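The next block holds one structure in the form of structure tokens; read it before the comments.
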Amino acid sequence: MITFFICVGVLIVGYYSYGLICERIFGIDRNRPTPAMEMADGVDYVPLPRWKSFLIQFLNIAGLGPIFGAVAGAMWGPVAFLWIVLGTLIAGGVHDYFSGMLSLRNQGKSFTEITGKYLGRPLMQVMRVLTLVLLIMVGTVFFVGPAQILAGLSGTGWMSVTVWSIIILCYYLLSTILPIDKVIGRFYPIFGAVFLTMTVALWVAMVYGGLPVPELSISTLGINQHIHPEKFPAFPMLFITIACGAVSGFHATQSPLIARCLQHEGQGRSVFYGTMVTEGVVAMIWAAVSMSFFGGIRELNVFMDERSGNAAMAVNEICTGLLGGLGGILAVIGVVVAPVTSGDTAFRSARLLLADIFNLGQRALKNRLLLAVPMFCLAYGISLMDFGVIWRYFAWTNQTLATVVLWTVTAYLINAGKNYWIALIPALFMTNVVVSYILIAPEGLSLPHGFSYSCGIAVGVGLLLYTFWYIYRKGKYVVSVDNR
């Protein structure tokens, strides 16, 4: 368990060090009026205390990501710990902090609009479509899954999946159109606290029970312990599987919600970078528990393989096994409340995105309904289809979005004359990941690994050369590390 505690310690130290570096590079101004103070409308622009903003943002970005992704990622072995730590601090934290702060500096606008500002309108249109598809997919899947679970738990014929779907959709509609402080602001801090309590309880049970958490060493670093190593190479599969616990494009769609609620820029590091680090700790706990609870990594692989990779079954088994009856309740919270509280904010983000696209003010209730009702009708129609094939592309779409966000941040830093390397390095890495994945994956082109890796490197090198050319053309030579 030494590796586990070292990794958690690095995450905490990273928040106070690398997070501070991000803050200094961005250059906060605590006296600069925020959108919540300048544009308060009582609906989306509502000043909230930092603790409440933190818990809402954490629940918005967490959902099932750091649970399901970590459980599935644990199938590769202790190398998952390395990706969670480095991904969280160097990629995810940078992604979340700068996307949130750029939204804060741009009237709380959706990040698609910010992409257009720094990378041009053509890419902005691509981002709009990509983001809208991602948000509706997240919202749809995150009401279908909980509806199926609740229908099974209710044990009554009339409380069917359809009935539960309608109930959840009604809640989604309310949370999407009502002012943010009426539903999300009141209940999310409670849900967030419960979510964190569930995680801490599992951590205590893991330590107290003395579960044999595997250690990361030089020998295990190069070993792919997945049950199907030939089909699922650690690179790039692991880096797509563990998304929300390391880096996730979905976070950039959620940050504008809270960027419209911060009272001053000094709150950004704890709310944006801090929630990403907290999510990394959650992912570490679930990865460690998953590798040890079933008796080892091989046993976890067998359990998951026999259940077609259904992480929900592993979550339920772990919670009830470690925490008994209370664990069953916490499992329901984890697999029902967590996705619901990500689904509703996904739809809310989609409404705000549509509002930005059509330049439609959202103070009037009729304008919110005008955007929300057709969106929910579309989501319900999609829920009736076979979602299996679509879902396999979700993780890749999510990481592709994160990659574009990192490139947007790089462009911003270059234009602002700041240290762009902090975003450029993870942008290059994630470019290699998403390009290699879609070429290797069965749901992609199933091309040979060597050729796919070469293509990923070639695309990364091409973008790097273009970046240097762009800097030369702009006449910007950013070499200072401090940039204060």
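Following the order of the structure tokens, first chain is A, next is B, and so on, with residues numbered from 1 inside each chain and ligands from 1 in the order they appear.
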message: Report as a PyMOL selection string all protein, DNA and RNA residues lying within 9 Å of stretch 335-340 of chain A, evaluated on only C-alpha atoms, omitting residues in the same chain fewer than 6 positions from it.
response: chain A and resi 59-60+62-65+138-139+141-143+145-147+149-150+168+172+191-192+195+312+315-316
query: So which residues touch A:Ala311 within 8 Å, counting only C-alpha atoms, skipping near sequence neighbours fewer than 5 positions away, as a list of chain:residue names?
result: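 Contacts, with the query itself left out: A:Phe68, A:Val71, A:Ala72, A:Met304.
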message: Show me, as an MDAnalysis selection string, the residues that have an atom within 12 Å of A:Arg30 when counting only C-alpha atoms, minus same-chain residues fewer than 2 positions from it.
response: chainID A and resid 23 27:28 32:34 262:268
task: Please identify all polymer residues within 12 Å of A:Arg473, counting only C-alpha atoms, omitting same-chain residues fewer than 6 positions from it, and present them as a VMD selection string.
output: chain A and resid 414 to 415 466 to 467
message: Just list as a PyMOL selection string whatever in stretch 348-395 of chain A DSSP marks as alpha helix (DSSP H).
response: chain A and resi 348-358+365-383+388-392+394-395
field: Test item: residues at most 8 Å from stretch 202-206 of chain A, only C-alpha atoms, excluding those fewer than 4 positions along its chain, as a VMD selection string
entry: chain A and resid 198 210 to 211 285 289 319 322 to 323
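Contact shell of A:Val459 at 12 Å (only C-alpha atoms; same-chain neighbours under 2 positions omitted): Ala427, Leu428, Phe429, Met430, Thr431, Asn432, Val433, Val434, Val435, Ser436, Ser452, Tyr453, Ser454, Cys455, Gly456, Ile457, Val461, Gly462, Leu463, Leu464, Leu465 and Tyr466 of chain A.
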- request: Work out how far atom CA of A:Arg24 is from atom CA of A:Lys418, in Å to one decimal.
  value: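 Taking atom CA of A:Lys418 and atom CA of A:Arg24, their separation equals 10.0 Å.
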Residues of stretch 24-74 of chain A within 12 Å of stretch 364-369 of chain A: nearest atom pair and distance (Å, one decimal) for each, counting only C-alpha atoms, sorted by chain and number, as JSON lines?
{"residue": "A:Asp41", "atom": "CA", "partner": "A:Ala364", "partner_atom": "CA", "distance": 10.1}
{"residue": "A:Gly42", "atom": "CA", "partner": "A:Ala364", "partner_atom": "CA", "distance": 10.9}
{"residue": "A:Val43", "atom": "CA", "partner": "A:Ala364", "partner_atom": "CA", "distance": 9.3}
{"residue": "A:Asp44", "atom": "CA", "partner": "A:Arg368", "partner_atom": "CA", "distance": 11.1}
message: With only C-alpha atoms as the counted atoms, please give the residues lying no more than 10 Å from A:Tyr16, apart from itself and same-chain residues fewer than 6 positions off, as a count of residues only.
response: 4
- request: Just give me the gap between atom CA of A:Phe293 and atom CA of A:Ile218 in Å, one decimal is fine.
  value: 23.5 Å
Contact table stretch 305-413 of chain A vs stretch 231-239 of chain A, cut-off 12 Å, shortest pair per residue, only C-alpha atoms, as a tab-separated table:
residue	atom	partner	partner_atom	distance
A:Ala395	CA	A:Phe239	CA	9.9
A:Trp396	CA	A:Met237	CA	9.7
A:Asn398	CA	A:Phe239	CA	11.5
A:Gln399	CA	A:Phe239	CA	8.8
A:Thr400	CA	A:Phe239	CA	11.7
message: Could you check the closest approach to A:Val200 for each of A:Met284, A:Leu354, A:Ile297, A:Ile114 and tell me which residue wins, using only C-alpha atoms?
response: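 Using only C-alpha atoms, the shortest distance to A:Val200 belongs to A:Met284.
Here atom CA of A:Ala350 is placed at a distance of 17.6 Å from atom CA of A:Cys261.
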- request: Point out the residue among A:Ile84, A:Phe58, A:Phe376, A:Trp76 with the least atom-to-atom distance to A:Leu300, counting only C-alpha atoms.
  value: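 That would be A:Trp76, the residue with the smallest distance to A:Leu300.
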- prompt: Of the candidates A:Ser255, A:Ser53, A:Gln362, A:Asn301, which one gets nearest to A:Phe98 if we count only C-alpha atoms?
  reply: A:Ser255
